[in-house]
>>> print(open('my_file.csv').read())   # CSV, C-alpha atoms and all ligand atoms
chain,number,residue,atom,x,y,z
K,66,MET,CA,-5.8,79.6,-34.1
K,67,THR,CA,-2.3,79.9,-32.6
K,68,SER,CA,0.5,79.9,-35.1
K,69,HIS,CA,3.1,77.2,-34.9
K,70,ILE,CA,5.8,79.4,-36.5
K,71,MET,CA,8.5,80.8,-34.1
K,72,PRO,CA,7.7,84.4,-33.6
K,73,THR,CA,11.0,85.8,-35.0
K,74,TYR,CA,9.1,88.4,-37.1
K,75,GLY,CA,6.5,90.9,-36.0
K,76,ARG,CA,4.2,90.2,-39.0
K,77,LEU,CA,1.5,92.5,-40.4
K,78,PRO,CA,-1.9,90.9,-40.4
K,79,ILE,CA,-2.1,90.4,-44.2
K,80,THR,CA,-1.3,87.4,-46.4
K,81,PHE,CA,-0.7,87.8,-50.1
K,82,GLU,CA,-2.2,85.4,-52.6
K,83,ARG,CA,-0.7,86.6,-55.9
K,84,GLY,CA,1.3,89.3,-57.5
K,85,ASP,CA,1.9,91.0,-60.8
K,86,GLY,CA,4.7,93.6,-61.4
K,87,VAL,CA,4.6,96.1,-58.5
K,88,TRP,CA,1.1,94.8,-57.4
K,89,LEU,CA,0.2,92.3,-54.7
K,90,TRP,CA,-3.3,91.0,-53.8
K,91,ASP,CA,-4.2,89.7,-50.4
K,92,GLN,CA,-6.6,86.9,-49.6
K,93,THR,CA,-9.6,89.3,-49.7
K,94,ASP,CA,-8.5,90.4,-53.2
K,95,LYS,CA,-7.4,93.9,-51.9
K,96,ARG,CA,-4.6,95.3,-54.1
K,97,TYR,CA,-1.4,96.8,-52.7
K,98,LEU,CA,1.4,98.8,-54.4
K,99,ASP,CA,4.6,97.0,-53.3
K,100,ALA,CA,7.3,99.7,-52.5
K,101,LEU,CA,9.5,97.2,-50.7
K,102,SER,CA,9.9,94.3,-53.1
K,103,GLY,CA,10.1,91.7,-50.4
K,104,ILE,CA,13.1,93.7,-48.9
K,105,ALA,CA,15.0,94.4,-52.2
K,106,VAL,CA,14.4,90.9,-53.6
K,107,CYS,CA,11.8,91.1,-56.3
K,108,ASN,CA,13.6,93.8,-58.4
K,109,LEU,CA,11.8,92.6,-61.5
K,110,GLY,CA,8.4,92.7,-59.7
K,111,HIS,CA,6.2,89.8,-58.9
K,112,ALA,CA,5.3,86.9,-61.3
K,113,HIS,CA,7.7,88.2,-64.0
K,114,PRO,CA,7.1,86.0,-67.1
K,115,SER,CA,10.8,85.4,-67.8
K,116,VAL,CA,11.4,84.3,-64.2
K,117,HIS,CA,8.3,82.1,-64.3
K,118,GLN,CA,9.4,80.5,-67.6
K,119,ALA,CA,13.0,79.9,-66.4
K,120,ILE,CA,11.7,78.1,-63.3
K,121,CYS,CA,9.2,76.0,-65.3
K,122,ALA,CA,11.7,75.1,-68.0
K,123,GLN,CA,14.4,74.1,-65.5
K,124,SER,CA,12.1,72.2,-63.1
K,125,GLU,CA,10.9,70.1,-66.1
K,126,LYS,CA,14.5,69.0,-66.7
K,127,LEU,CA,16.4,69.0,-63.4
K,128,LEU,CA,16.3,70.7,-60.0
K,129,HIS,CA,19.4,69.5,-58.2
K,130,THR,CA,22.4,67.2,-58.6
K,131,SER,CA,24.8,68.6,-56.0
K,132,ASN,CA,28.2,70.3,-56.5
K,133,LEU,CA,29.9,66.9,-56.9
K,134,TYR,CA,29.1,67.2,-60.6
K,135,GLY,CA,29.3,70.0,-63.2
K,136,ILE,CA,26.3,72.3,-63.4
K,137,ALA,CA,26.0,74.1,-66.7
K,138,SER,CA,23.7,76.9,-65.5
K,139,GLN,CA,26.1,77.6,-62.6
K,140,GLU,CA,29.0,77.9,-65.0
K,141,ALA,CA,27.0,80.2,-67.2
K,142,LEU,CA,25.8,82.4,-64.2
K,143,ALA,CA,29.3,82.6,-62.9
K,144,ASP,CA,30.5,83.8,-66.4
K,145,GLN,CA,27.8,86.5,-66.4
K,146,LEU,CA,28.5,87.7,-62.9
K,147,ILE,CA,32.2,87.9,-63.7
K,148,ILE,CA,31.6,89.9,-66.8
K,149,LYS,CA,29.3,92.3,-65.0
K,150,SER,CA,31.3,92.7,-61.8
K,151,GLU,CA,34.9,92.5,-63.2
K,152,MET,CA,35.7,90.1,-60.4
K,153,ASP,CA,37.5,86.8,-61.0
K,154,ASN,CA,35.4,83.9,-59.6
K,155,VAL,CA,32.3,83.0,-57.5
K,156,PHE,CA,31.2,80.8,-54.7
K,157,PHE,CA,27.4,80.1,-54.8
K,158,CYS,CA,25.3,79.7,-51.7
K,159,ASN,CA,21.6,80.3,-50.8
K,160,SER,CA,21.4,83.5,-48.8
K,161,GLY,CA,23.1,86.8,-48.0
K,162,ALA,CA,24.3,85.6,-44.6
K,163,GLU,CA,25.9,82.6,-46.3
K,164,ALA,CA,27.6,84.8,-48.9
K,165,ASN,CA,29.1,86.9,-46.1
K,166,GLU,CA,30.2,83.7,-44.2
K,167,ALA,CA,32.2,82.7,-47.3
K,168,ALA,CA,33.7,86.3,-47.4
K,169,ILE,CA,34.7,86.1,-43.7
K,170,LYS,CA,36.3,82.6,-44.2
K,171,ILE,CA,38.3,84.0,-47.1
K,172,ALA,CA,39.5,86.9,-45.0
K,173,ARG,CA,40.6,84.5,-42.2
K,174,LEU,CA,42.4,82.3,-44.7
K,175,TYR,CA,44.1,85.3,-46.0
K,176,GLY,CA,45.2,86.3,-42.5
K,177,HIS,CA,46.5,82.8,-41.6
K,178,GLN,CA,48.4,82.7,-44.9
K,179,GLN,CA,50.4,85.7,-43.6
K,180,GLY,CA,51.0,84.1,-40.2
K,181,ILE,CA,48.3,86.1,-38.4
K,182,ASP,CA,46.8,83.7,-35.8
K,183,LYS,CA,43.8,85.8,-34.9
K,184,PRO,CA,42.8,87.7,-38.0
K,185,CYS,CA,40.5,90.6,-37.4
K,186,ILE,CA,38.0,92.3,-39.7
K,187,ILE,CA,37.0,96.0,-39.4
K,188,ALA,CA,33.2,96.3,-39.8
K,189,MET,CA,30.9,99.4,-39.4
K,190,GLU,CA,28.6,100.5,-36.7
K,191,LYS,CA,24.9,100.4,-37.8
K,192,SER,CA,25.8,97.7,-40.4
K,193,PHE,CA,23.8,94.7,-41.1
K,194,HIS,CA,25.4,91.5,-42.5
K,195,GLY,CA,23.0,88.7,-41.5
K,196,ARG,CA,21.8,86.5,-38.6
K,197,THR,CA,24.2,83.6,-38.5
K,198,LEU,CA,26.7,83.7,-35.6
K,199,ALA,CA,29.6,85.0,-37.7
K,200,THR,CA,27.5,87.6,-39.6
K,201,LEU,CA,25.7,88.8,-36.5
K,202,SER,CA,29.1,89.2,-34.9
K,203,ALA,CA,30.0,91.4,-37.9
K,204,THR,CA,26.8,93.3,-37.7
K,205,GLY,CA,27.2,96.7,-35.9
K,206,ASN,CA,23.9,96.6,-34.1
K,207,PRO,CA,23.8,95.6,-30.4
K,208,LYS,CA,20.0,94.7,-30.8
K,209,VAL,CA,20.8,92.0,-33.3
K,210,GLN,CA,23.5,90.6,-31.1
K,211,GLU,CA,21.7,90.8,-27.7
K,212,GLY,CA,21.4,87.4,-26.0
K,213,PHE,CA,23.8,85.5,-28.3
K,214,SER,CA,27.1,85.9,-26.6
K,215,PRO,CA,29.7,84.6,-26.8
K,216,LEU,CA,29.9,86.3,-30.1
K,217,LEU,CA,32.6,85.4,-32.6
K,218,GLU,CA,35.9,87.1,-32.1
K,219,GLY,CA,37.7,88.9,-34.8
K,220,PHE,CA,35.5,92.0,-35.6
K,221,LEU,CA,36.2,95.6,-34.7
K,222,HIS,CA,33.5,98.2,-35.3
K,223,VAL,CA,34.1,101.8,-36.3
K,224,PRO,CA,31.6,104.5,-37.2
K,225,TYR,CA,30.3,104.4,-40.8
K,226,ASN,CA,31.5,107.0,-43.2
K,227,ASP,CA,34.5,107.8,-41.0
K,228,ILE,CA,37.9,107.2,-42.7
K,229,PRO,CA,40.1,108.5,-39.8
K,230,ALA,CA,38.3,106.0,-37.5
K,231,ILE,CA,39.5,103.2,-39.8
K,232,GLU,CA,43.0,104.6,-40.0
K,233,SER,CA,43.3,104.8,-36.3
K,234,VAL,CA,42.2,101.2,-35.7
K,235,ILE,CA,44.6,100.0,-38.4
K,236,ALA,CA,47.5,102.0,-36.9
K,237,LYS,CA,46.9,100.4,-33.5
K,238,ASN,CA,46.3,96.9,-34.6
K,239,ASN,CA,48.5,94.6,-36.7
K,240,THR,CA,46.0,91.7,-36.9
K,241,ILE,CA,43.6,93.6,-39.3
K,242,VAL,CA,43.1,91.6,-42.5
K,243,ALA,CA,40.0,93.1,-44.1
K,244,ILE,CA,37.5,95.9,-44.1
K,245,LEU,CA,33.8,94.9,-44.5
K,246,VAL,CA,31.5,97.6,-45.7
K,247,GLU,CA,28.0,98.2,-47.3
K,248,PRO,CA,28.1,100.8,-50.1
K,249,ILE,CA,24.9,102.2,-48.5
K,250,GLN,CA,23.7,100.9,-45.1
K,251,GLY,CA,20.2,99.5,-45.8
K,252,GLU,CA,18.9,98.2,-42.4
K,253,GLY,CA,21.0,100.9,-40.7
K,254,GLY,CA,18.7,103.6,-42.1
K,255,VAL,CA,19.6,104.1,-45.8
K,256,ASN,CA,22.9,105.8,-44.8
K,257,ILE,CA,24.6,107.1,-47.9
K,258,PRO,CA,28.3,107.8,-47.3
K,259,ALA,CA,30.4,110.6,-48.8
K,260,TYR,CA,30.9,110.0,-52.6
K,261,ASN,CA,34.6,108.9,-52.3
K,262,TYR,CA,34.2,106.8,-49.1
K,263,LEU,CA,34.6,103.5,-50.9
K,264,ASN,CA,37.5,104.9,-52.9
K,265,GLN,CA,39.3,105.9,-49.7
K,266,ILE,CA,38.7,102.4,-48.2
K,267,ARG,CA,40.1,100.9,-51.4
K,268,GLN,CA,43.1,103.0,-51.1
K,269,LEU,CA,43.7,102.1,-47.5
K,270,CYS,CA,43.3,98.4,-48.3
K,271,ASP,CA,45.9,98.7,-51.1
K,272,GLN,CA,48.3,100.6,-48.9
K,273,ARG,CA,48.0,98.1,-46.0
K,274,GLY,CA,47.5,94.9,-47.9
K,275,LEU,CA,44.0,94.4,-46.5
K,276,LEU,CA,41.0,92.8,-48.3
K,277,MET,CA,38.2,95.1,-49.2
K,278,ILE,CA,34.9,93.2,-48.7
K,279,ILE,CA,31.8,95.0,-50.1
K,280,ASP,CA,28.4,93.7,-48.9
K,281,GLU,CA,26.1,94.4,-51.9
K,282,ILE,CA,23.4,92.1,-50.7
K,283,GLN,CA,20.9,94.9,-50.6
K,284,THR,CA,22.5,97.4,-53.0
K,285,GLY,CA,23.4,95.0,-55.8
K,286,ILE,CA,21.6,93.7,-58.9
K,287,GLY,CA,20.8,97.2,-60.2
K,288,ARG,CA,19.1,98.7,-57.1
K,289,THR,CA,21.3,101.9,-57.1
K,290,GLY,CA,21.5,102.4,-60.8
K,291,LYS,CA,24.6,100.3,-61.5
K,292,PHE,CA,24.7,96.5,-61.5
K,293,LEU,CA,26.8,96.8,-58.3
K,294,ALA,CA,26.9,100.0,-56.2
K,295,TYR,CA,30.7,100.0,-56.1
K,296,GLN,CA,30.7,100.6,-59.9
K,297,HIS,CA,29.6,104.2,-59.1
K,298,ASN,CA,33.1,104.6,-57.7
K,299,SER,CA,35.0,102.8,-60.5
K,300,ILE,CA,36.8,100.5,-58.0
K,301,ILE,CA,37.1,96.7,-57.7
K,302,PRO,CA,36.8,95.2,-54.3
K,303,ASP,CA,38.6,92.0,-53.3
K,304,ILE,CA,35.4,90.4,-52.3
K,305,CYS,CA,31.8,91.2,-53.0
K,306,THR,CA,28.7,89.5,-51.7
K,307,VAL,CA,25.3,89.4,-53.4
K,308,ALA,CA,22.0,87.6,-52.7
K,309,LYS,CA,18.5,89.2,-52.4
K,310,ALA,CA,17.6,90.3,-55.9
K,311,LEU,CA,19.8,87.8,-57.7
K,312,GLY,CA,17.1,85.2,-58.0
K,313,ASN,CA,14.1,87.6,-57.8
K,314,GLY,CA,12.7,85.4,-55.0
K,315,VAL,CA,14.4,82.1,-55.6
K,316,PRO,CA,17.0,81.8,-52.9
K,317,ILE,CA,20.5,82.3,-54.1
K,318,GLY,CA,23.6,84.0,-52.8
K,319,ALA,CA,27.1,84.5,-54.2
K,320,CYS,CA,30.5,85.5,-52.9
K,321,LEU,CA,32.6,87.0,-55.7
K,322,ALA,CA,36.4,87.3,-55.3
K,323,HIS,CA,39.1,89.1,-57.2
K,324,GLY,CA,42.9,88.8,-57.4
K,325,LYS,CA,44.6,87.4,-54.3
K,326,ALA,CA,41.2,86.7,-52.7
K,327,ALA,CA,40.1,84.5,-55.5
K,328,SER,CA,42.5,81.6,-54.9
K,329,LEU,CA,42.0,81.0,-51.1
K,330,LEU,CA,38.9,78.8,-51.0
K,331,THR,CA,40.1,75.5,-52.3
K,332,ALA,CA,38.7,71.9,-52.2
K,333,GLY,CA,37.6,71.0,-48.7
K,334,LYS,CA,37.7,74.5,-47.4
K,335,HIS,CA,34.0,75.4,-48.0
K,336,GLY,CA,30.8,74.0,-49.5
K,337,SER,CA,27.1,74.1,-49.7
K,338,THR,CA,24.7,71.3,-50.7
K,339,PHE,CA,22.2,73.5,-52.4
K,340,GLY,CA,24.5,76.3,-53.4
K,341,GLY,CA,24.3,77.2,-57.1
K,342,ASN,CA,21.8,74.4,-57.9
K,343,PRO,CA,20.3,74.3,-61.4
K,344,LEU,CA,17.0,75.8,-60.4
K,345,ALA,CA,18.5,78.8,-58.6
K,346,CYS,CA,21.1,79.4,-61.3
K,347,SER,CA,18.8,79.2,-64.3
K,348,THR,CA,16.4,81.6,-62.5
K,349,ALA,CA,19.3,84.0,-61.8
K,350,LEU,CA,20.4,83.8,-65.4
K,351,ALA,CA,16.9,84.8,-66.5
K,352,VAL,CA,17.0,87.7,-64.1
K,353,LEU,CA,20.3,89.0,-65.5
K,354,GLU,CA,19.1,88.5,-69.0
K,355,THR,CA,15.9,90.4,-68.4
K,356,LEU,CA,17.7,93.3,-66.7
K,357,ASP,CA,19.9,93.6,-69.9
K,358,LYS,CA,17.2,93.0,-72.5
K,359,ASP,CA,14.8,95.5,-71.1
K,360,ASN,CA,17.5,98.1,-70.2
K,361,ILE,CA,16.1,98.2,-66.6
K,362,ILE,CA,19.2,99.3,-64.7
K,363,GLN,CA,19.7,102.3,-67.1
K,364,GLN,CA,16.4,103.7,-65.9
K,365,VAL,CA,16.9,103.3,-62.2
K,366,GLU,CA,18.6,106.6,-61.6
K,367,SER,CA,15.9,108.7,-63.3
K,368,LYS,CA,13.1,106.8,-61.5
K,369,GLY,CA,14.8,107.3,-58.2
K,370,ALA,CA,15.3,111.0,-58.9
K,371,GLU,CA,11.6,111.3,-59.9
K,372,ILE,CA,10.5,109.7,-56.6
K,373,THR,CA,12.6,112.0,-54.4
K,374,LYS,CA,11.8,115.0,-56.5
K,375,ARG,CA,8.1,114.4,-56.2
K,376,LEU,CA,8.3,113.6,-52.5
K,377,SER,CA,10.5,116.7,-51.8
K,378,SER,CA,8.0,118.9,-53.5
K,379,LEU,CA,4.9,117.4,-52.0
K,380,LEU,CA,6.4,117.5,-48.5
K,381,LYS,CA,8.4,120.8,-48.8
K,382,ASN,CA,6.3,122.6,-46.2
K,383,ASN,CA,6.4,119.7,-43.7
K,384,THR,CA,8.9,120.5,-41.0
K,385,SER,CA,8.7,117.0,-39.5
K,386,VAL,CA,10.4,115.6,-42.6
K,387,SER,CA,14.1,116.2,-42.0
K,388,ASN,CA,15.7,114.5,-45.0
K,389,ILE,CA,14.8,112.8,-48.2
K,390,ARG,CA,17.6,111.0,-50.0
K,391,ASN,CA,18.2,108.3,-52.5
K,392,LYS,CA,20.7,106.4,-54.6
K,393,GLY,CA,18.7,105.0,-57.5
K,394,LEU,CA,15.7,103.1,-56.1
K,395,MET,CA,17.0,102.9,-52.6
K,396,ILE,CA,15.2,105.7,-50.9
K,397,GLY,CA,15.2,107.0,-47.3
K,398,ILE,CA,12.9,109.6,-45.7
K,399,ASP,CA,13.8,110.8,-42.2
K,400,LEU,CA,11.1,112.0,-39.9
K,401,ASP,CA,11.9,113.8,-36.7
K,402,SER,CA,10.2,111.1,-34.5
K,403,PRO,CA,9.7,107.3,-34.5
K,404,CYS,CA,7.3,106.3,-37.3
K,405,ALA,CA,7.0,102.5,-37.3
K,406,GLU,CA,3.2,102.8,-37.2
K,407,LEU,CA,3.2,104.3,-40.6
K,408,VAL,CA,3.9,100.9,-42.0
K,409,THR,CA,0.4,99.8,-40.8
K,410,THR,CA,-1.4,102.9,-41.9
K,411,ALA,CA,0.2,102.6,-45.3
K,412,GLN,CA,-0.8,99.0,-45.6
K,413,GLU,CA,-4.4,99.9,-44.8
K,414,HIS,CA,-4.2,102.4,-47.7
K,415,GLY,CA,-2.8,99.7,-50.0
K,416,LEU,CA,0.8,100.7,-49.9
K,417,LEU,CA,3.7,98.5,-48.7
K,418,ILE,CA,6.6,100.4,-47.2
K,419,ASN,CA,9.2,99.8,-44.5
K,420,VAL,CA,10.5,101.8,-41.5
K,421,THR,CA,14.1,101.2,-40.4
K,422,ALA,CA,16.3,102.8,-37.7
K,423,GLU,CA,13.0,103.9,-36.0
K,424,LYS,CA,12.6,107.2,-37.9
K,425,THR,CA,13.5,106.3,-41.5
K,426,ILE,CA,10.9,105.3,-44.0
K,427,ARG,CA,12.7,103.0,-46.5
K,428,LEU,CA,11.4,102.5,-50.0
K,429,LEU,CA,12.8,99.7,-52.2
K,430,PRO,CA,10.3,99.5,-55.0
K,431,PRO,CA,10.6,97.0,-57.9
K,432,LEU,CA,13.0,98.5,-60.5
K,433,ILE,CA,10.2,98.0,-63.1
K,434,ILE,CA,8.0,100.6,-61.5
K,435,ASN,CA,6.6,103.1,-64.1
K,436,SER,CA,5.7,106.8,-63.9
K,437,GLU,CA,2.0,106.3,-63.2
K,438,GLN,CA,2.9,104.0,-60.3
K,439,ILE,CA,5.5,106.4,-59.1
K,440,GLU,CA,2.8,109.1,-59.0
K,441,LEU,CA,0.5,106.9,-57.0
K,442,LEU,CA,3.3,105.9,-54.6
K,443,THR,CA,4.4,109.5,-54.0
K,444,THR,CA,0.9,111.0,-53.6
K,445,THR,CA,-0.3,108.3,-51.3
K,446,LEU,CA,2.9,108.3,-49.2
K,447,SER,CA,3.1,112.1,-48.9
K,448,GLN,CA,-0.5,112.2,-47.8
K,449,LEU,CA,0.1,109.5,-45.1
K,450,ILE,CA,3.2,111.4,-43.9
K,451,GLU,CA,1.2,114.7,-43.7
K,452,GLU,CA,-1.6,113.0,-41.7
K,453,PHE,CA,1.0,111.3,-39.5
K,454,THR,CA,2.9,114.4,-38.7
K,455,THR,CA,-0.1,116.7,-38.2
K,456,PRO,CA,-1.1,116.2,-34.6
K,457,CYS,CA,-4.7,117.4,-34.9
K,458,LYS,CA,-5.5,114.9,-37.5
K,459,LYS,CA,-3.8,112.0,-35.7
L,501,LIG,C1,19.6,91.2,-46.1
L,501,LIG,C2,21.0,91.5,-45.9
L,501,LIG,C3,21.9,90.5,-45.4
L,501,LIG,C4,21.4,89.1,-45.0
L,501,LIG,O1,20.9,88.4,-46.1
L,501,LIG,P1,20.0,87.1,-45.7
L,501,LIG,O2,19.7,86.5,-47.1
L,501,LIG,O3,18.8,87.5,-45.0
L,501,LIG,O4,20.9,86.2,-45.0
L,501,LIG,C5,23.2,90.8,-45.3
L,501,LIG,N1,23.7,92.0,-45.7
L,501,LIG,C6,22.9,93.0,-46.1
L,501,LIG,C7,23.5,94.3,-46.5
L,501,LIG,C8,21.5,92.8,-46.2
L,501,LIG,O5,20.7,93.8,-46.6
>>> encode(input="my_file.csv", output="structure tokens", more="lines below")
Ligand SMILES: *Cc1c(COP(=O)(O)O)cnc(C)c1O
Amino acid sequence: MTSHIMPTYGRLPITFERGDGVWLWDQTDKRYLDALSGIAVCNLGHAHPSVHQAICAQSEKLLHTSNLYGIASQEALADQLIIKSEMDNVFFCNSGAEANEAAIKIARLYGHQQGIDKPCIIAMEKSFHGRTLATLSATGNPKVQEGFSPLLEGFLHVPYNDIPAIESVIAKNNTIVAILVEPIQGEGGVNIPAYNYLNQIRQLCDQRGLLMIIDEIQTGIGRTGKFLAYQHNSIIPDICTVAKALGNGVPIGACLAHGKAASLLTAGKHGSTFGGNPLACSTALAVLETLDKDNIIQQVESKGAEITKRLSSLLKNNTSVSNIRNKGLMIGIDLDSPCAELVTTAQEHGLLINVTAEKTIRLLPPLIINSEQIELLTTTLSQLIEEFTTPCKK
């Protein structure tokens, strides 16, 4: 039968029926180890009891009332996010792109407040910020932008992990109001910058009065071993966006602001019908509570180290593997040639992985993965890589 869904995704020919922790089962009851978590969304794994309970309890009471009224769970979630992030306030929405839209609007208000008519944001090459017109204009990937011109004005792209490039753009341009950056580029190929990259951007923003906007949509909610990845650098951005794992699968996004950035979005300037509704917020509260109660984030660094250590040792003689790196449970394995077909071979072997930037295998397993599952993941994957990179066996 032909599908009536617009073909915006190249989908694998599997459909999942149910999940439990790191496991998924398809319609034929075949089991898969999920090392992608629905693209960094299901950090607590599938069908987590606390998430399930929060959804049931809230749906029994109330799903939605709109932001024309107070929402207790939204207040409580904002309080939790503020405590955890050291930011000042939050705007709630339903996705990552929407969180970045709010961030971009704040940056533009900030520029206009200083009399800059055409405020401009520095963004990075190979970045990914979403698919709406503003966020795809911010995205530093011509493939994402192709066919959608005219793009939104007001973004200048510089290479990632390149402070002099930012400095030179700032020196030549007096309309720059903000710098938008991912702590690690996820879609761009798990690109981990120099340790002090974010500190240097923070410093530049302070010196020039620019807003530092950190897109933590993929790196946030514990993925890298801190609640937010910028906490590895002991800095506070002016704006931080989160989404993906915040609701463990229930759509929710948030734009967090600090200091001068926190007072710009006032009544009538922005909004969202669904944003921060009772269902999404009580689910997110359960997610945060579970992360704390089970000390999940504290274990992320050792689990990530275990995975890279095992993979490095299993693949140490494989010359086609050029790099294995991680920050917490965000893991990249570079091969020396395009390897998109590994996704299909892995799926046939009951393992769900992703390949991004053509040659980079990306792993984003649920944060609750245990050592036995890590062993299975790394043995299976290293065997698949060996077979893939050994021509005679192909
Ligand atoms: C996924 C992602 C987005 C977009 O989020 P959506 O919820 O798909 O709109 C933006 N930025 C980064 C870094 C992402 O990984």
>>> residues_near_ligand(input="my_file.csv", ligand="ligand LIG 501 (chain L)", cutoff="7 Å", atoms="all atoms listed in the file", output="PyMOL selection string")
chain K and resi 160-163+193-196+247+250-252+280-283+308-309
>>> closest_residue(input="my_file.csv", among="K:Lys325, K:His297, K:Lys381, K:Arg427", to="Ala105 (chain K)", atoms="all atoms listed in the file")
K:Arg427
>>> atom_distance(input="my_file.csv", atom1="CA of Val420 (chain K)", atom2="CA of Leu379 (chain K)")
19.6 Å
>>> residues_around(input="my_file.csv", residues="Gly324 (chain K)", least_positions_apart="4", cutoff="9 Å", atoms="only C-alpha atoms", output="number ranges by chain")
K: 152-153, 303, 328
>>> atom_distance(input="my_file.csv", atom1="CA of Ile181 (chain K)", atom2="CA of Glu211 (chain K)")
29.1 Å
>>> closest_atom_pairs(input="my_file.csv", of="region 172-288 of chain K", to="region 109-118 of chain K", cutoff="12 Å", atoms="only C-alpha atoms", output="Markdown table")
| residue | atom | partner | partner_atom | distance |
| --- | --- | --- | --- | --- |
| K:Ile286 | CA | K:Leu109 | CA | 10.2 |
| K:Gly287 | CA | K:Leu109 | CA | 10.2 |
| K:Arg288 | CA | K:Leu109 | CA | 10.5 |
>>> write_last_selection(input="my_file.csv", atoms="C-alpha atoms", output="PDB file, keeping the file's coordinate frame")
ATOM      1  CA  ILE K 286      21.600  93.700 -58.900  1.00  0.00           C
ATOM      2  CA  GLY K 287      20.800  97.200 -60.200  1.00  0.00           C
ATOM      3  CA  ARG K 288      19.100  98.700 -57.100  1.00  0.00           C
TER       4      ARG K 288
END
>>> residues_around(input="my_file.csv", residues="region 234-243 of chain K", least_positions_apart="4", cutoff="8 Å", atoms="all atoms listed in the file", output="PyMOL selection string")
chain K and resi 172-173+175-176+181+183-187+230+270+274-278
>>> closest_atom_pairs(input="my_file.csv", of="region 93-168 of chain K", to="region 401-408 of chain K", cutoff="12 Å", atoms="only C-alpha atoms", output="tab-separated table")
residue	atom	partner	partner_atom	distance
K:Asp99	CA	K:Val408	CA	12.0
K:Ala100	CA	K:Val408	CA	11.1
K:Leu101	CA	K:Val408	CA	11.0
>>> atom_distance(input="my_file.csv", atom1="CA of Leu174 (chain K)", atom2="CA of Leu330 (chain K)")
8.0 Å
>>> closest_residue(input="my_file.csv", among="K:Ile136, K:Val106, K:Ile439, K:Leu198", to="Ile372 (chain K)", atoms="all atoms listed in the file")
K:Ile439
